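Structure below is upload-v8.txt: compact mmCIF, C-alpha atoms.
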# COMPACT_ATOMS: atom_id res chain seq x y z
CA MET S 449 0.00 0.00 0.00
CA ILE S 450 1.13 3.57 -0.69
CA ASN S 451 1.07 5.05 2.79
CA ASN S 452 3.29 8.14 2.48
CA ILE S 453 3.56 10.41 -0.56
CA VAL S 454 5.87 13.40 -0.96
CA ILE S 455 5.34 16.11 -3.58
CA CYS S 456 8.60 18.05 -3.76
CA ALA S 457 8.32 21.60 -5.12
CA PRO S 458 10.11 24.20 -2.92
CA ASN S 459 11.46 26.13 -5.91
CA ILE S 460 8.12 26.63 -7.67
CA ASN S 461 6.31 29.94 -7.18
CA GLU S 462 4.99 31.20 -10.54
CA GLY S 463 3.80 30.49 -14.07
CA GLY S 464 3.14 27.06 -15.55
CA PRO S 465 5.01 25.10 -12.85
CA LEU S 466 2.77 26.64 -10.18
CA THR S 467 -0.30 25.56 -12.18
CA VAL S 468 1.14 22.04 -12.31
CA LEU S 469 1.70 22.10 -8.55
CA ASN S 470 -1.90 23.18 -7.97
CA GLU S 471 -3.26 20.44 -10.24
CA ALA S 472 -1.08 17.79 -8.57
CA THR S 473 -2.14 18.85 -5.08
CA GLU S 474 -5.85 19.01 -5.88
CA THR S 475 -5.94 15.56 -7.50
CA VAL S 476 -3.64 13.59 -5.20
CA ILE S 477 -6.22 13.77 -2.39
CA THR S 478 -8.89 11.90 -4.36
CA SER S 479 -6.41 9.60 -6.15
CA PHE S 480 -4.95 8.31 -2.88
CA PRO S 481 -7.80 8.55 -0.33
CA LYS S 482 -5.94 6.62 2.39
CA SER S 483 -2.43 8.04 1.98
CA LYS S 484 -0.58 10.62 4.07
CA ILE S 485 0.66 13.43 1.81
CA TYR S 486 3.62 15.72 2.48
CA LEU S 487 3.94 18.87 0.42
CA LEU S 488 7.39 20.48 0.29
CA ILE S 489 7.02 24.07 -0.90
CA ASN S 490 8.62 27.49 -0.58
CA ASN S 491 5.73 29.24 1.13
CA LYS S 492 2.46 27.77 2.41
CA ASP S 493 0.60 30.89 1.21
CA LEU S 494 1.22 29.86 -2.41
CA LEU S 495 -1.54 27.25 -2.19
CA ASN S 496 -4.96 27.15 -0.62
CA VAL S 497 -4.66 23.69 0.91
CA LYS S 498 -7.17 22.61 3.53
CA ASN S 499 -7.04 18.86 4.03
CA LYS S 500 -6.05 17.06 7.20
CA ARG S 501 -4.16 14.39 5.23
CA ILE S 502 -1.79 16.99 3.75
CA THR S 503 1.17 18.20 5.80
CA ILE S 504 2.96 21.27 4.44
CA LEU S 505 6.70 21.58 5.04
CA GLU S 506 8.27 24.91 4.08
CA TYR S 507 11.80 25.14 2.64
CA PRO S 508 12.37 28.80 1.68
CA GLU S 509 16.17 28.42 1.79
CA SER S 510 16.12 26.02 -1.15
CA LYS S 511 15.36 28.80 -3.62
CA LYS S 512 18.07 31.23 -2.50
CA SER S 513 20.88 29.74 -4.62
CA TRP S 514 21.66 26.78 -6.84
CA PHE S 515 24.08 25.48 -4.21
CA LYS S 516 21.33 25.46 -1.58
CA ARG S 517 18.90 23.90 -4.02
CA LEU S 518 21.28 21.04 -4.78
CA TYR S 519 22.10 20.60 -1.09
CA HIS S 520 18.39 20.21 -0.35
CA GLU S 521 17.82 17.79 -3.24
CA LEU S 522 20.86 15.62 -2.57
CA VAL S 523 21.26 15.76 1.22
CA ILE S 524 18.38 17.27 3.23
CA PHE S 525 15.58 15.54 1.32
CA LYS S 526 17.42 12.21 1.41
CA LYS S 527 17.36 12.35 5.22
CA LEU S 528 13.73 13.48 5.16
CA SER S 529 12.65 10.59 2.92
CA ALA S 530 14.17 8.09 5.36
CA LYS S 531 12.55 9.80 8.34
CA LEU S 532 9.09 9.82 6.70
CA ASN S 533 9.41 6.27 5.34
CA VAL S 534 8.31 7.50 1.91
CA ASP S 535 6.59 5.13 -0.49
CA LEU S 536 6.17 7.55 -3.39
CA TRP S 537 8.33 10.63 -4.00
CA ILE S 538 7.60 12.92 -6.94
CA SER S 539 9.75 15.95 -7.68
CA LEU S 540 7.96 18.61 -9.72
CA GLN S 541 11.06 20.71 -10.37
CA ASP S 542 13.35 18.96 -12.87
CA ILE S 543 16.05 17.70 -10.49
CA THR S 544 16.29 14.06 -9.46
CA THR S 545 16.13 13.99 -5.68
CA ILE S 546 18.31 11.48 -3.83
CA THR S 547 15.83 9.58 -1.66
CA HIS S 548 15.14 6.35 0.21
CA ALA S 549 11.66 6.22 -1.37
CA LYS S 550 10.35 2.92 -2.72
CA TYR S 551 9.26 4.63 -5.94
CA GLN S 552 10.23 8.00 -7.31
CA ALA S 553 9.49 10.17 -10.32
CA VAL S 554 10.63 13.52 -11.68
CA TYR S 555 8.54 16.05 -13.59
CA CYS S 556 10.64 17.95 -16.15
CA HIS S 557 9.45 21.42 -17.22
CA CYS S 558 12.49 23.25 -18.53
CA PRO S 559 13.06 22.99 -22.30
CA ILE S 560 16.16 25.21 -22.48
CA PRO S 561 18.69 22.37 -23.02
CA PHE S 562 16.94 21.66 -26.32
CA TYR S 563 17.10 25.26 -27.57
CA ARG S 564 19.94 26.68 -29.66
CA LEU S 565 20.88 30.01 -28.12
CA THR S 566 21.75 33.00 -30.30
CA ILE S 567 24.12 35.85 -29.42
CA LYS S 568 21.05 38.08 -29.01
CA ASP S 569 19.51 35.62 -26.54
CA VAL S 570 22.70 35.58 -24.49
CA TYR S 571 22.82 39.39 -24.42
CA PHE S 572 19.27 39.62 -23.11
CA GLU S 573 19.73 36.84 -20.55
CA PRO S 574 23.42 36.04 -19.92
CA SER S 575 22.45 33.42 -17.35
CA ALA S 576 20.81 31.46 -20.18
CA VAL S 577 24.20 30.01 -21.14
CA VAL S 578 24.71 28.72 -17.61
CA ARG S 579 21.12 27.45 -17.44
CA ASN S 580 21.53 25.66 -20.77
CA LEU S 581 24.71 23.90 -19.64
CA PHE S 582 23.40 23.33 -16.12
CA TYR S 583 20.16 21.70 -17.21
CA ASN S 584 22.03 19.50 -19.66
CA LEU S 585 23.95 18.25 -16.63
CA ILE S 586 21.02 18.19 -14.19
CA TYR S 587 18.77 16.17 -16.47
CA ARG S 588 21.44 13.50 -16.78
CA LEU S 589 22.46 13.52 -13.10
CA ASN S 590 21.05 10.46 -11.30
CA ILE S 591 18.22 10.33 -13.87
CA HIS S 592 18.05 6.52 -13.73
CA LYS S 593 17.23 6.64 -10.02
CA ASN S 594 13.76 7.67 -11.17
CA ASP S 595 11.29 4.91 -11.92
CA LEU S 596 9.41 7.36 -14.14
CA ILE S 597 10.16 10.60 -15.98
CA ILE S 598 7.18 12.89 -16.63
CA VAL S 599 7.12 15.37 -19.53
CA GLN S 600 4.33 17.41 -21.05
CA GLN S 601 4.68 16.70 -24.78
CA GLU S 602 5.78 14.05 -27.24
CA TRP S 603 8.66 16.11 -28.66
CA LEU S 604 10.09 16.34 -25.13
CA ARG S 605 9.79 12.58 -24.65
CA GLU S 606 11.84 12.10 -27.82
CA LYS S 607 14.49 14.55 -26.57
CA PHE S 608 14.71 12.87 -23.15
CA THR S 609 14.85 9.42 -24.70
CA ASN S 610 17.79 10.49 -26.86
CA MET S 611 19.49 12.27 -23.96
CA THR S 612 19.05 9.64 -21.22
CA SER S 613 17.95 6.35 -22.84
CA HIS S 614 15.44 6.03 -19.97
CA LYS S 615 12.78 3.41 -20.72
CA ARG S 616 9.86 4.83 -18.72
CA ILE S 617 8.99 8.33 -19.89
CA ILE S 618 5.34 9.36 -19.75
CA VAL S 619 3.69 12.25 -21.59
CA SER S 620 1.14 13.88 -19.32
CA LYS S 621 -1.02 16.90 -20.10
CA PRO S 622 -0.54 19.53 -17.37
CA VAL S 623 -4.11 20.84 -17.65
CA VAL S 624 -7.37 20.08 -19.38
CA SER S 625 -9.08 22.99 -21.18
CA LYS S 626 -12.47 23.34 -19.51
CA LYS S 627 -14.95 25.65 -21.21
CA LYS S 628 -15.74 28.74 -19.16
CA ASN S 629 -19.16 30.19 -18.50
CA LEU S 630 -19.05 33.33 -20.66
CA ILE S 631 -22.46 34.81 -19.91
CA ASN S 632 -20.73 37.96 -18.63
CA LYS S 633 -18.12 38.11 -21.39
CA LYS S 634 -17.14 41.74 -21.86
CA LYS S 635 -16.77 43.39 -25.24
CA SER S 636 -15.79 46.88 -26.33
CA LYS S 637 -15.59 48.75 -29.63
CA GLU S 638 -11.80 48.50 -29.49
CA ARG S 639 -10.36 45.12 -30.49
CA ASN S 640 -8.23 43.55 -27.74
CA PHE S 641 -5.40 41.09 -28.34
CA ILE S 642 -3.55 39.52 -25.43
CA TYR S 643 -0.23 37.79 -24.79
CA PRO S 644 0.09 36.47 -21.20
CA THR S 645 3.81 35.89 -20.79
CA LEU S 646 6.97 36.33 -18.75
CA PRO S 647 9.87 38.53 -19.92
CA ARG S 648 12.11 35.78 -21.27
CA PHE S 649 13.97 35.91 -24.57
CA HIS S 650 12.38 32.77 -26.04
CA LYS S 651 8.90 34.26 -25.50
CA ASN S 652 9.59 36.28 -28.68
CA ILE S 653 7.63 39.35 -27.54
CA GLU S 654 9.39 41.62 -30.03
CA LEU S 655 7.76 39.74 -32.94
CA ILE S 656 4.37 41.13 -31.87
CA CYS S 657 5.86 44.60 -31.47
CA GLU S 658 7.49 44.52 -34.91
CA ALA S 659 4.24 43.29 -36.47
CA ILE S 660 2.36 46.21 -34.88
CA LYS S 661 4.99 48.64 -36.19
CA LEU S 662 4.34 47.36 -39.70
CA ILE S 663 0.59 48.05 -39.54
CA LYS S 664 0.82 51.37 -37.74
CA LYS S 665 0.15 53.51 -40.82
CA GLU S 666 -2.82 51.52 -42.09
CA ARG S 667 -6.39 52.71 -41.57
CA LEU S 668 -7.85 50.09 -39.28
CA PRO S 669 -10.29 49.87 -36.36
CA LYS S 670 -8.86 50.78 -32.96
CA PHE S 671 -7.07 47.93 -31.24
CA SER S 672 -4.58 47.16 -28.50
CA VAL S 673 -2.28 44.30 -27.54
CA LYS S 674 -1.97 43.64 -23.81
CA ILE S 675 1.37 42.03 -22.85
CA THR S 676 1.87 40.99 -19.24
CA ILE S 677 5.30 42.50 -18.60
CA SER S 678 6.03 45.88 -17.00
CA GLY S 679 9.35 46.62 -18.68
CA HIS S 680 11.33 46.65 -15.42
CA GLU S 681 11.85 42.94 -14.73
CA ASN S 682 15.14 42.34 -16.56
CA ARG S 683 17.33 43.44 -19.50
CA TYR S 684 14.98 41.94 -22.09
CA ALA S 685 11.92 43.66 -20.57
CA SER S 686 13.78 46.98 -20.41
CA TYR S 687 14.79 46.67 -24.07
CA LEU S 688 11.18 46.06 -25.11
CA LYS S 689 9.87 48.95 -23.03
CA ASN S 690 12.46 51.40 -24.37
CA LYS S 691 12.01 50.37 -27.99
CA TYR S 692 8.23 49.94 -28.26
CA SER S 693 6.50 51.95 -25.50
CA ASN S 694 5.91 54.81 -27.97
CA ILE S 695 3.51 52.59 -29.95
CA LYS S 696 0.12 53.36 -28.42
CA GLU S 697 -1.42 50.02 -29.42
CA ILE S 698 1.11 48.10 -27.32
CA LYS S 699 0.17 47.96 -23.63
CA PHE S 700 2.76 46.59 -21.19
CA ILE S 701 0.43 45.84 -18.28
CA GLY S 702 2.72 43.85 -15.98
CA LEU S 703 2.07 40.58 -14.16
CA GLN S 704 -1.61 40.15 -13.32
CA SER S 705 -3.46 38.30 -10.59
CA LYS S 706 -5.42 35.18 -11.44
CA ASN S 707 -8.76 37.02 -11.00
CA ARG S 708 -7.65 39.93 -13.18
CA MET S 709 -6.43 37.53 -15.89
CA GLU S 710 -9.90 36.01 -16.01
CA GLU S 711 -11.29 39.48 -16.71
CA ILE S 712 -8.64 40.11 -19.37
CA TYR S 713 -9.55 36.85 -21.11
CA LYS S 714 -13.22 37.84 -21.06
CA GLU S 715 -12.39 41.20 -22.61
CA ALA S 716 -10.08 39.71 -25.25
CA ASP S 717 -10.90 39.15 -28.90
CA ALA S 718 -7.90 36.90 -29.62
CA LEU S 719 -4.69 35.43 -28.21
CA ILE S 720 -1.37 36.03 -29.97
CA PHE S 721 1.27 33.49 -28.93
CA PRO S 722 4.64 33.90 -30.71
CA SER S 723 6.80 31.89 -28.28
CA LYS S 724 9.67 29.94 -29.84
CA LEU S 725 9.99 27.39 -27.04
CA GLU S 726 7.43 25.81 -24.69
CA THR S 727 6.97 22.57 -22.81
CA TRP S 728 3.23 23.20 -23.16
CA GLY S 729 2.02 26.80 -23.52
CA LEU S 730 -0.62 27.24 -20.82
CA PRO S 731 -2.12 30.46 -22.28
CA ILE S 732 -3.08 28.39 -25.34
CA SER S 733 -5.11 26.04 -23.12
CA GLU S 734 -6.61 29.02 -21.30
CA ALA S 735 -7.59 30.70 -24.58
CA ILE S 736 -9.24 27.46 -25.73
CA SER S 737 -11.32 27.41 -22.55
CA TYR S 738 -12.61 30.89 -23.50
CA ASN S 739 -13.10 29.80 -27.13
CA LEU S 740 -10.84 32.62 -28.31
CA PRO S 741 -9.31 32.83 -31.78
CA ILE S 742 -5.62 32.00 -31.50
CA MET S 743 -2.69 33.16 -33.63
CA VAL S 744 0.30 30.99 -32.72
CA SER S 745 3.82 30.04 -33.76
CA ASP S 746 3.88 27.24 -36.32
CA LEU S 747 5.82 24.80 -34.13
CA ALA S 748 5.33 21.27 -32.81
CA TYR S 749 4.52 22.33 -29.23
CA SER S 750 1.59 24.50 -30.35
CA LYS S 751 -0.04 21.75 -32.43
CA GLU S 752 0.16 19.28 -29.57
CA THR S 753 -1.27 21.80 -27.09
CA LEU S 754 -4.07 22.77 -29.47
CA GLY S 755 -5.21 19.18 -30.01
CA ASP S 756 -8.22 19.36 -32.33
CA TYR S 757 -9.04 23.04 -31.68
CA LYS S 758 -10.19 24.69 -34.91
CA ASN S 759 -10.21 28.42 -34.14
CA VAL S 760 -6.52 28.95 -34.89
CA SER S 761 -4.01 30.28 -37.42
CA PHE S 762 -0.25 29.80 -37.59
CA PHE S 763 2.67 32.06 -38.44
CA ASP S 764 6.43 31.75 -38.73
CA PRO S 765 7.86 32.91 -35.34
CA GLN S 766 10.70 34.61 -37.23
CA ASN S 767 8.46 36.55 -39.64
CA PRO S 768 6.62 39.65 -38.33
CA ASN S 769 5.06 40.21 -41.76
CA GLN S 770 3.06 36.99 -41.48
CA LEU S 771 1.71 38.01 -38.08
CA LYS S 772 1.02 41.54 -39.32
CA LYS S 773 -1.10 40.11 -42.14
CA GLN S 774 -3.09 37.94 -39.72
CA ILE S 775 -3.74 40.83 -37.34
CA THR S 776 -4.89 43.15 -40.15
CA ASN S 777 -7.12 40.42 -41.59
CA PHE S 778 -8.63 39.93 -38.14
CA LEU S 779 -9.32 43.65 -37.79
CA LYS S 780 -10.92 43.68 -41.26
CA ASN S 781 -13.01 40.58 -40.39
CA LYS S 782 -11.13 38.59 -43.05
CA TRP S 783 -9.16 36.33 -40.72
CA LYS S 784 -9.38 32.62 -41.58
CA CYS S 785 -8.56 29.53 -39.55
CA HIS S 786 -5.82 27.21 -40.79
CA LYS S 787 -6.21 23.48 -41.21
CA TYR S 788 -3.55 21.42 -39.49
CA LYS S 789 -2.82 17.93 -38.26
CA GLY S 790 -2.66 17.76 -34.49
CA ILE S 791 0.18 15.87 -32.82
CA LYS S 792 -0.89 13.01 -30.57
CA PRO S 793 1.45 11.31 -28.10
CA GLY S 794 2.19 7.61 -28.29
CA ASN S 795 1.92 4.96 -25.58
CA LEU S 796 2.45 5.72 -21.90
CA PHE S 797 0.29 8.81 -21.89
CA ALA S 798 -2.00 10.56 -19.38
CA ASN S 799 -4.72 13.06 -20.31
CA ASN S 800 -4.70 14.69 -16.89
CA TRP S 801 -3.32 14.45 -13.37
CA GLN S 802 -5.96 11.95 -12.30
CA GLU S 803 -4.79 9.54 -15.01
CA LEU S 804 -1.15 10.27 -14.20
CA TRP S 805 -1.62 9.35 -10.54
CA GLY S 806 -3.36 6.16 -11.67
CA THR S 807 -0.43 5.24 -13.91
CA ILE S 808 2.07 5.94 -11.14
CA GLU S 809 0.06 3.77 -8.72
CA SER S 810 -0.08 0.83 -11.12
CA GLU S 811 3.66 1.15 -11.83
CA PHE S 812 4.36 1.26 -8.09
CA TYR S 813 2.70 -2.11 -7.57
CA LYS S 814 4.47 -3.64 -10.58
CA LYS S 815 7.88 -2.74 -9.18

Before anything else, please render the file you have as C-alpha cells.
Amino acid sequence: MINNIVICAPNINEGGPLTVLNEATETVITSFPKSKIYLLINNKDLLNVKNKRITILEYPESKKSWFKRLYHELVIFKKLSAKLNVDLWISLQDITTITHAKYQAVYCHCPIPFYRLTIKDVYFEPSAVVRNLFYNLIYRLNIHKNDLIIVQQEWLREKFTNMTSHKRIIVSKPVVSKKKNLINKKKSKERNFIYPTLPRFHKNIELICEAIKLIKKERLPKFSVKITISGHENRYASYLKNKYSNIKEIKFIGLQSKNRMEEIYKEADALIFPSKLETWGLPISEAISYNLPIMVSDLAYSKETLGDYKNVSFFDPQNPNQLKKQITNFLKNKWKCHKYKGIKPGNLFANNWQELWGTIESEFYKK
C-alpha cells in the first residue's frame, strides 16, 4: 500500500510550474484517499490547501541559490525521505532527488537544453548560457534513479529518450481545457489582443511589437495588444519597453493576478502566442477554454497543445510580416482559420493528473 507520498516543489512559485503544482495537489487527495501526503514548498501561502491528510513543510532556503537547491535535493531531502518512510516521491522541479523512497518520479518542465541560443539571446539573458549547460547536466544527473520521468509533450519525450535512454517516460497533459461560463463576457468597440507571458527571450515578444509597427500607418479599427510584462523585470523587458512603448497600441500591463487575468480573457478578442519554445504553452489552453481565436507560432509544441481546436491560425515565429497580415485580416473581419494535423502522443500517456496518478500507482505495484 502507498502510505506516504511526498510532492517536492520548494522552488516553484509562478507560471506554468505553479499551475502544475496546484493540479497535482488538488488531485492527489482523491487519487490516494488513504495516503498521508507531504507537500514540500517554498511558502504555504502559495496554495490554498485545507485537508487534514496533507502536511505542508516549508523550505524557503532552497530557492536562495543553486548550491542550496542542490544541497536540499541531494542531502536534506534524502534524510527526510528516510525519516518519513516514503513510499512515493515525486519531484515537480526537474532535479532528481536522492531519496530512500520505494518509488520516485521527476517532472521535467524546462526545455532550455533543447534550444539553440543566439548571441542576441545571451545578451538579453546572460544566465541562459549557464542554465543551458546546467540543465544538460542536471537532467542526466542520477536520472536513472527515477522509476518514471514525466514530460508534457511528445517532442520532449523524444528529446529525453535520446538524452538519457530512460525506458519509462510518460507524456502527461498539465491541464485540461475546460470551457468557461461566458455569460458575462465583456466586449468593447476596441479590439483587444492579449499575450500572457513572462519577460524571457524565447517568448519572442518583439515579434508582436514589430508586427504592430508594420501596420501602424494603415487605416484600421482601434485595437490594443496587452502584454503581461512591465518593462522593469530584466534586461529583455527593459529593451522592449524602451524600444516599443511609444507605440500606443502596445500595452505593457505587468504581471496580473489570477482574477484579473480572467477578466482580461473575457475582454479579449484573440490570443497572440509567438513563443519559440514551450513545454506546453498554458495560455493556449486558457484561450481554448474561453473559445478565443488563437494566432500561434507554427511549431510542434503548439499543435500538440491545441489538439483538435479549430479556431486557430499559424505564423512563422521569425516573420513579423506573417503576423502583421493575420492581425490586419482579423481587424478587417477577413481572418481565416488554418487546417492542421494535431500531434498526438504515443503509448504511456496521461490526459490529466488523475490519469497520471493512476499510472504511477499501477507502476508502483508492478515494481

Sel. within 7 Å of pt (-0.4, 5.0, 0.7), counting all atoms listed in the file, output as a ChimeraX atom specification: /S:449-453,480,482-484

S:Asn533, S:Thr547, S:Thr609, S:Asn594 ranked by distance to Phe812 in chain S, top pick (using all atoms listed in the file):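 Distance minimum relative to Phe812 in chain S lands on S:Asn594.
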
Closest-contact table, range 521-630 of chain S side, partner range 500-515 of chain S, 12 Å, counting all atoms listed in the file, as a tab-separated table:
residue	atom	partner	partner_atom	distance
S:Glu521	CA	S:Ser510	CA	8.7
S:Leu522	CA	S:Phe515	CA	10.5
S:Val523	CA	S:Phe515	CA	11.5
S:Ile524	CA	S:Ser510	CA	10.0
S:Phe525	CA	S:Tyr507	CA	10.4
S:Leu528	CA	S:Leu505	CA	10.7
S:Leu532	CA	S:Thr503	CA	11.6
S:Gln541	CA	S:Lys511	CA	11.4
S:Ile543	CA	S:Trp514	CA	11.3
S:Val578	CA	S:Trp514	CA	11.4
S:Arg579	CA	S:Trp514	CA	10.6
S:Phe582	CA	S:Trp514	CA	10.1
S:Tyr583	CA	S:Trp514	CA	11.6
S:Ile586	CA	S:Trp514	CA	11.3

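Interatomic distance, CA of Asn759 in chain S against CA of Gln601 in chain S: 21.1 Å.
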
One-decimal distance in Å that lies between CA of Gly806 in chain S and CA of Cys556 in chain S: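 So the answer is 18.8 Å.
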